[in-house]
>>> print(open('data_29.cif').read())   # mmCIF, C-alpha atoms and all ligand atoms
data_data
loop_
_atom_site.label_atom_id
_atom_site.label_comp_id
_atom_site.auth_asym_id
_atom_site.auth_seq_id
_atom_site.Cartn_x
_atom_site.Cartn_y
_atom_site.Cartn_z
CA MET E 1160 9.35 14.98 -13.88
CA GLU E 1161 6.32 17.20 -14.25
CA TRP E 1162 3.02 16.93 -12.35
CA ILE E 1163 -0.03 17.50 -14.54
CA LYS E 1164 -3.50 18.02 -13.11
CA ILE E 1165 -5.99 15.44 -14.41
CA PHE E 1166 -8.96 16.06 -12.09
CA GLU E 1167 -10.03 19.15 -10.19
CA SER E 1168 -11.63 17.32 -7.30
CA ASN E 1169 -12.86 14.06 -5.87
CA ASP E 1170 -16.34 14.97 -7.11
CA GLU E 1171 -15.05 15.10 -10.68
CA ILE E 1172 -13.46 11.67 -10.24
CA GLN E 1173 -16.73 10.24 -8.97
CA THR E 1174 -18.63 11.58 -11.98
CA LYS E 1175 -16.11 10.37 -14.56
CA LEU E 1176 -14.73 7.10 -13.20
CA ASN E 1177 -16.24 3.86 -12.05
CA GLN E 1178 -14.40 1.36 -9.88
CA ASN E 1179 -12.46 -1.20 -11.91
CA THR E 1180 -13.41 0.38 -15.23
CA PRO E 1181 -10.53 1.60 -17.41
CA PHE E 1182 -10.75 5.24 -18.48
CA ARG E 1183 -8.73 6.77 -21.29
CA MET E 1184 -7.23 10.25 -21.02
CA ILE E 1185 -5.08 12.17 -23.45
CA ILE E 1186 -2.37 13.97 -21.49
CA GLN E 1187 -0.17 16.26 -23.50
CA GLY E 1188 -0.85 14.17 -26.60
CA LYS E 1189 -0.19 10.79 -25.00
CA SER E 1190 -2.89 8.22 -24.38
CA ILE E 1191 -2.98 7.19 -20.71
CA CYS E 1192 -5.21 4.59 -19.06
CA ILE E 1193 -6.57 5.48 -15.62
CA VAL E 1194 -8.06 2.88 -13.30
CA MET E 1195 -9.73 3.37 -9.94
CA ARG E 1196 -9.45 0.22 -7.85
CA GLN E 1197 -10.50 0.11 -4.22
CA SER E 1198 -10.67 3.94 -4.38
CA VAL E 1199 -7.01 4.26 -5.43
CA LEU E 1200 -6.09 5.71 -8.82
CA TYR E 1201 -3.51 4.08 -11.07
CA ALA E 1202 -2.16 5.41 -14.35
CA PHE E 1203 -0.23 3.61 -17.06
CA GLU E 1204 0.39 3.72 -20.78
CA ASN E 1205 -2.68 2.85 -22.80
CA LYS E 1206 -0.87 0.92 -25.54
CA CYS E 1207 -0.33 -2.77 -24.86
CA PRO E 1208 3.40 -3.58 -24.97
CA HIS E 1209 2.66 -6.90 -26.70
CA ASN E 1210 1.13 -5.73 -29.95
CA GLY E 1211 -0.28 -2.27 -29.41
CA GLU E 1212 -3.93 -2.85 -28.50
CA THR E 1213 -5.73 -0.12 -26.55
CA LEU E 1214 -5.79 -1.29 -22.95
CA SER E 1215 -8.65 1.00 -21.92
CA LYS E 1216 -10.88 -1.30 -24.01
CA GLY E 1217 -9.92 -4.14 -21.66
CA SER E 1218 -11.17 -5.11 -18.24
CA ILE E 1219 -9.90 -5.38 -14.68
CA ASN E 1220 -9.89 -8.86 -13.17
CA TYR E 1221 -10.19 -9.87 -9.51
CA LEU E 1222 -6.39 -9.75 -9.10
CA GLY E 1223 -6.24 -6.08 -10.02
CA GLU E 1224 -4.79 -6.73 -13.44
CA ILE E 1225 -5.80 -5.06 -16.67
CA VAL E 1226 -6.57 -7.72 -19.23
CA CYS E 1227 -5.74 -6.79 -22.80
CA PRO E 1228 -8.74 -7.40 -25.04
CA TRP E 1229 -6.68 -8.77 -27.94
CA HIS E 1230 -4.56 -11.70 -26.65
CA GLY E 1231 -5.42 -11.61 -22.97
CA TYR E 1232 -2.06 -10.62 -21.55
CA ARG E 1233 -2.52 -9.37 -17.98
CA PHE E 1234 -0.71 -6.46 -16.35
CA ASN E 1235 -0.69 -5.43 -12.70
CA VAL E 1236 -2.17 -1.91 -12.63
CA LYS E 1237 0.14 -0.85 -9.78
CA THR E 1238 3.49 -2.22 -10.96
CA GLY E 1239 2.85 -2.66 -14.69
CA ARG E 1240 4.23 -6.21 -14.52
CA GLU E 1241 2.90 -8.65 -17.11
CA CYS E 1242 1.81 -11.73 -15.15
CA ALA E 1243 3.83 -14.26 -17.15
CA GLU E 1244 6.63 -11.97 -18.38
CA ARG E 1245 5.62 -12.53 -22.00
CA CYS E 1246 6.46 -8.95 -22.93
CA ARG E 1247 7.89 -5.88 -21.30
CA ASP E 1248 6.05 -4.29 -18.39
CA LEU E 1249 3.70 -1.35 -18.77
CA GLU E 1250 5.06 2.08 -18.07
CA THR E 1251 3.25 3.34 -14.98
CA PHE E 1252 2.88 6.92 -13.75
CA PRO E 1253 2.66 8.18 -10.16
CA VAL E 1254 -0.64 9.74 -9.14
CA LYS E 1255 -1.12 12.09 -6.18
CA GLU E 1256 -4.16 13.73 -4.67
CA THR E 1257 -3.89 17.13 -3.01
CA GLU E 1258 -6.31 19.87 -1.98
CA GLU E 1259 -5.74 21.42 -5.43
CA GLY E 1260 -6.72 18.28 -7.34
CA VAL E 1261 -5.36 15.03 -8.69
CA PHE E 1262 -2.06 15.00 -10.54
CA ILE E 1263 -0.13 12.55 -12.67
CA ALA E 1264 3.64 12.61 -12.93
CA VAL E 1265 5.13 12.38 -16.37
CA THR E 1266 8.73 12.50 -17.48
CA SER E 1267 10.02 14.26 -20.54
CA HIS E 1268 10.70 10.94 -22.30
CA THR E 1269 7.05 9.96 -21.69
CA LEU E 1270 5.69 12.79 -23.77
S1 LIG R 1301 -1.88 -6.78 -28.05
FE1 LIG R 1301 -2.25 -6.91 -25.93
S2 LIG R 1301 -1.98 -8.99 -25.47
FE2 LIG R 1301 -1.51 -8.86 -27.56
#
>>> encode(input="data_29.cif", output="structure tokens")
Amino acid sequence: MEWIKIFESNDEIQTKLNQNTPFRMIIQGKSICIVMRQSVLYAFENKCPHNGETLSKGSINYLGEIVCPWHGYRFNVKTGRECAERCRDLETFPVKETEEGVFIAVTSHTL
């Protein structure tokens, strides 16, 4: 597992992200969706496991799920679990904040 810096500081997060608004990042060539919910960052694959839609075009509902804009499947942003188990879960990635910045953990099979 490799930790990759995605933000330099909390100030950068505040300028780039809004609460409950999906944000797309390309990290080493892979599209990742980042969500800030209740001031916690979550990261997961940006491609819907159902049929490949871009999840960062979706929305976050009151349950903390990302809702795919195509067929409405809902995934928990923390666990990646699809609410009705209609397809596989999202791959999620650990996020950590340190004095040096914010990092996302990726594995070699991710990239
Ligand atoms: S492509 Fe996402 S729910 Fe169908």
>>> residues_around(input="data_29.cif", residues="Lys1164 (chain E)", least_positions_apart="6", cutoff="8 Å", atoms="all atoms listed in the file", output="list in words")
Gly1260, Val1261, Phe1262 and Ile1263 of chain E
>>> residues_around(input="data_29.cif", residues="region 1251-1254 of chain E", least_positions_apart="2", cutoff="8 Å", atoms="all atoms listed in the file", output="MDAnalysis selection string")
chainID E and resid 1200:1204 1236:1239 1249 1256 1261:1265
>>> write_last_selection(input="data_29.cif", atoms="C-alpha atoms", output="compact mmCIF listing (two decimals), keeping the file's coordinate frame")
# COMPACT_ATOMS: atom_id res chain seq x y z
CA LEU E 1200 -6.09 5.71 -8.82
CA TYR E 1201 -3.51 4.08 -11.07
CA ALA E 1202 -2.16 5.41 -14.35
CA PHE E 1203 -0.23 3.61 -17.06
CA GLU E 1204 0.39 3.72 -20.78
CA VAL E 1236 -2.17 -1.91 -12.63
CA LYS E 1237 0.14 -0.85 -9.78
CA THR E 1238 3.49 -2.22 -10.96
CA GLY E 1239 2.85 -2.66 -14.69
CA LEU E 1249 3.70 -1.35 -18.77
CA GLU E 1256 -4.16 13.73 -4.67
CA VAL E 1261 -5.36 15.03 -8.69
CA PHE E 1262 -2.06 15.00 -10.54
CA ILE E 1263 -0.13 12.55 -12.67
CA ALA E 1264 3.64 12.61 -12.93
CA VAL E 1265 5.13 12.38 -16.37
>>> closest_atom_pairs(input="data_29.cif", of="chain E", to="ligand LIG 1301 (chain R)", cutoff="10 Å", atoms="only C-alpha atoms and all ligand atoms", output="JSON lines")
{"residue": "E:Lys1206", "atom": "CA", "partner": "R:LIG1301", "partner_atom": "FE1", "distance": 8.0}
{"residue": "E:Cys1207", "atom": "CA", "partner": "R:LIG1301", "partner_atom": "FE1", "distance": 4.7}
{"residue": "E:Pro1208", "atom": "CA", "partner": "R:LIG1301", "partner_atom": "FE1", "distance": 6.6}
{"residue": "E:His1209", "atom": "CA", "partner": "R:LIG1301", "partner_atom": "FE2", "distance": 4.7}
{"residue": "E:Asn1210", "atom": "CA", "partner": "R:LIG1301", "partner_atom": "S1", "distance": 3.7}
{"residue": "E:Gly1211", "atom": "CA", "partner": "R:LIG1301", "partner_atom": "S1", "distance": 5.0}
{"residue": "E:Glu1212", "atom": "CA", "partner": "R:LIG1301", "partner_atom": "S1", "distance": 4.5}
{"residue": "E:Thr1213", "atom": "CA", "partner": "R:LIG1301", "partner_atom": "FE1", "distance": 7.7}
{"residue": "E:Leu1214", "atom": "CA", "partner": "R:LIG1301", "partner_atom": "FE1", "distance": 7.3}
{"residue": "E:Gly1217", "atom": "CA", "partner": "R:LIG1301", "partner_atom": "FE1", "distance": 9.2}
{"residue": "E:Val1226", "atom": "CA", "partner": "R:LIG1301", "partner_atom": "S2", "distance": 7.8}
{"residue": "E:Cys1227", "atom": "CA", "partner": "R:LIG1301", "partner_atom": "FE1", "distance": 4.7}
{"residue": "E:Pro1228", "atom": "CA", "partner": "R:LIG1301", "partner_atom": "FE1", "distance": 6.6}
{"residue": "E:Trp1229", "atom": "CA", "partner": "R:LIG1301", "partner_atom": "FE2", "distance": 5.2}
{"residue": "E:His1230", "atom": "CA", "partner": "R:LIG1301", "partner_atom": "S2", "distance": 3.9}
{"residue": "E:Gly1231", "atom": "CA", "partner": "R:LIG1301", "partner_atom": "S2", "distance": 5.0}
{"residue": "E:Tyr1232", "atom": "CA", "partner": "R:LIG1301", "partner_atom": "S2", "distance": 4.2}
{"residue": "E:Arg1233", "atom": "CA", "partner": "R:LIG1301", "partner_atom": "S2", "distance": 7.5}
{"residue": "E:Phe1234", "atom": "CA", "partner": "R:LIG1301", "partner_atom": "S2", "distance": 9.5}
{"residue": "E:Glu1241", "atom": "CA", "partner": "R:LIG1301", "partner_atom": "S2", "distance": 9.7}
{"residue": "E:Arg1245", "atom": "CA", "partner": "R:LIG1301", "partner_atom": "S2", "distance": 9.1}
{"residue": "E:Cys1246", "atom": "CA", "partner": "R:LIG1301", "partner_atom": "S2", "distance": 8.8}
>>> write_last_selection(input="data_29.cif", atoms="C-alpha atoms", output="compact mmCIF listing (two decimals), in the frame of the given file")
# COMPACT_ATOMS: atom_id res chain seq x y z
CA LYS E 1206 -0.87 0.92 -25.54
CA CYS E 1207 -0.33 -2.77 -24.86
CA PRO E 1208 3.40 -3.58 -24.97
CA HIS E 1209 2.66 -6.90 -26.70
CA ASN E 1210 1.13 -5.73 -29.95
CA GLY E 1211 -0.28 -2.27 -29.41
CA GLU E 1212 -3.93 -2.85 -28.50
CA THR E 1213 -5.73 -0.12 -26.55
CA LEU E 1214 -5.79 -1.29 -22.95
CA GLY E 1217 -9.92 -4.14 -21.66
CA VAL E 1226 -6.57 -7.72 -19.23
CA CYS E 1227 -5.74 -6.79 -22.80
CA PRO E 1228 -8.74 -7.40 -25.04
CA TRP E 1229 -6.68 -8.77 -27.94
CA HIS E 1230 -4.56 -11.70 -26.65
CA GLY E 1231 -5.42 -11.61 -22.97
CA TYR E 1232 -2.06 -10.62 -21.55
CA ARG E 1233 -2.52 -9.37 -17.98
CA PHE E 1234 -0.71 -6.46 -16.35
CA GLU E 1241 2.90 -8.65 -17.11
CA ARG E 1245 5.62 -12.53 -22.00
CA CYS E 1246 6.46 -8.95 -22.93
>>> atom_distance(input="data_29.cif", atom1="CA of Ser1218 (chain E)", atom2="CA of Phe1182 (chain E)")
10.4 Å
>>> atom_distance(input="data_29.cif", atom1="CA of Ile1163 (chain E)", atom2="CA of Gly1188 (chain E)")
12.5 Å
>>> atom_distance(input="data_29.cif", atom1="CA of Met1160 (chain E)", atom2="CA of Ile1185 (chain E)")
17.5 Å
>>> closest_residue(input="data_29.cif", among="E:Asn1169, E:Glu1161, E:Leu1176, E:Arg1183", to="Glu1258 (chain E)", atoms="all atoms listed in the file")
E:Asn1169
>>> decode(input="data_29.cif", residues="chain E", atoms="C-alpha atoms", output="compact mmCIF listing (two decimals), in the first residue's frame")
# COMPACT_ATOMS: atom_id res chain seq x y z
CA MET E 1160 0.00 0.00 0.00
CA GLU E 1161 1.24 3.45 -0.90
CA TRP E 1162 0.11 6.77 0.61
CA ILE E 1163 -0.31 9.52 -1.97
CA LYS E 1164 -0.75 13.17 -1.02
CA ILE E 1165 -3.99 14.63 -2.40
CA PHE E 1166 -4.16 17.94 -0.51
CA GLU E 1167 -1.42 20.09 1.00
CA SER E 1168 -3.52 21.50 3.81
CA ASN E 1169 -6.94 21.95 5.33
CA ASP E 1170 -7.12 25.34 3.61
CA GLU E 1171 -6.76 23.66 0.22
CA ILE E 1172 -9.58 21.25 1.12
CA GLN E 1173 -11.83 24.13 2.09
CA THR E 1174 -11.22 25.90 -1.22
CA LYS E 1175 -11.75 22.81 -3.38
CA LEU E 1176 -14.43 20.78 -1.61
CA ASN E 1177 -17.92 21.46 -0.41
CA GLN E 1178 -19.69 19.31 2.16
CA ASN E 1179 -21.67 16.48 0.58
CA THR E 1180 -20.57 17.36 -2.94
CA PRO E 1181 -18.66 14.67 -4.85
CA PHE E 1182 -15.28 15.74 -6.21
CA ARG E 1183 -13.35 13.87 -8.87
CA MET E 1184 -9.58 13.45 -8.69
CA ILE E 1185 -7.22 11.61 -10.98
CA ILE E 1186 -4.64 9.81 -8.86
CA GLN E 1187 -1.90 8.08 -10.76
CA GLY E 1188 -4.21 7.72 -13.75
CA LYS E 1189 -7.19 6.36 -11.82
CA SER E 1190 -10.41 8.30 -11.34
CA ILE E 1191 -11.27 8.60 -7.64
CA CYS E 1192 -14.33 10.22 -6.07
CA ILE E 1193 -13.74 12.23 -2.90
CA VAL E 1194 -16.56 13.24 -0.58
CA MET E 1195 -16.44 15.43 2.51
CA ARG E 1196 -19.28 14.57 4.85
CA GLN E 1197 -19.55 16.03 8.33
CA SER E 1198 -15.94 17.25 7.85
CA VAL E 1199 -14.62 13.71 7.22
CA LEU E 1200 -13.11 12.78 3.87
CA TYR E 1201 -14.01 9.56 2.09
CA ALA E 1202 -12.49 8.19 -1.10
CA PHE E 1203 -13.76 5.49 -3.42
CA GLU E 1204 -13.63 4.41 -7.03
CA ASN E 1205 -15.42 6.82 -9.33
CA LYS E 1206 -16.86 4.18 -11.67
CA CYS E 1207 -20.21 2.72 -10.65
CA PRO E 1208 -19.92 -1.06 -10.25
CA HIS E 1209 -23.37 -1.52 -11.79
CA ASN E 1210 -22.82 -0.18 -15.29
CA GLY E 1211 -19.89 2.20 -15.19
CA GLU E 1212 -21.47 5.63 -14.69
CA THR E 1213 -19.29 8.37 -13.18
CA LEU E 1214 -20.28 8.59 -9.53
CA SER E 1215 -18.87 12.09 -9.03
CA LYS E 1216 -21.80 13.28 -11.19
CA GLY E 1217 -24.14 11.90 -8.54
CA SER E 1218 -25.30 13.28 -5.22
CA ILE E 1219 -25.05 12.49 -1.53
CA ASN E 1220 -28.31 11.72 0.24
CA TYR E 1221 -29.22 12.23 3.90
CA LEU E 1222 -28.00 8.70 4.76
CA GLY E 1223 -24.48 9.45 3.58
CA GLU E 1224 -24.82 7.43 0.42
CA ILE E 1225 -23.64 8.41 -3.03
CA VAL E 1226 -26.51 8.05 -5.45
CA CYS E 1227 -25.52 7.03 -8.95
CA PRO E 1228 -27.06 9.41 -11.49
CA TRP E 1229 -27.89 6.66 -14.00
CA HIS E 1230 -30.04 4.01 -12.25
CA GLY E 1231 -30.05 5.36 -8.72
CA TYR E 1232 -28.09 2.64 -6.97
CA ARG E 1233 -26.88 3.91 -3.59
CA PHE E 1234 -23.51 3.22 -1.99
CA ASN E 1235 -22.37 4.00 1.55
CA VAL E 1236 -19.42 6.39 1.16
CA LYS E 1237 -17.63 4.89 4.18
CA THR E 1238 -18.03 1.17 3.52
CA GLY E 1239 -18.78 1.14 -0.21
CA ARG E 1240 -21.78 -1.14 0.39
CA GLU E 1241 -24.60 -0.92 -2.13
CA CYS E 1242 -27.78 -0.47 -0.10
CA ALA E 1243 -29.70 -3.38 -1.63
CA GLU E 1244 -26.75 -5.56 -2.69
CA ARG E 1245 -27.73 -5.26 -6.35
CA CYS E 1246 -24.10 -5.19 -7.45
CA ARG E 1247 -20.68 -5.47 -5.90
CA ASP E 1248 -19.57 -2.87 -3.36
CA LEU E 1249 -17.45 0.13 -4.25
CA GLU E 1250 -13.75 -0.10 -3.66
CA THR E 1251 -12.93 2.39 -0.92
CA PHE E 1252 -9.57 3.91 -0.02
CA PRO E 1253 -8.28 4.96 3.41
CA VAL E 1254 -7.69 8.68 3.90
CA LYS E 1255 -5.46 10.20 6.58
CA GLU E 1256 -4.71 13.76 7.59
CA THR E 1257 -1.31 14.67 9.00
CA GLU E 1258 0.65 17.88 9.52
CA GLU E 1259 2.16 17.30 6.05
CA GLY E 1260 -1.19 17.09 4.28
CA VAL E 1261 -3.97 14.71 3.36
CA PHE E 1262 -3.13 11.31 1.93
CA ILE E 1263 -5.01 8.50 0.25
CA ALA E 1264 -3.87 4.89 0.44
CA VAL E 1265 -3.80 2.94 -2.76
CA THR E 1266 -2.69 -0.60 -3.44
CA SER E 1267 -0.76 -1.75 -6.45
CA HIS E 1268 -3.81 -3.57 -7.85
CA THR E 1269 -5.78 -0.29 -7.61
CA LEU E 1270 -3.54 1.51 -10.06
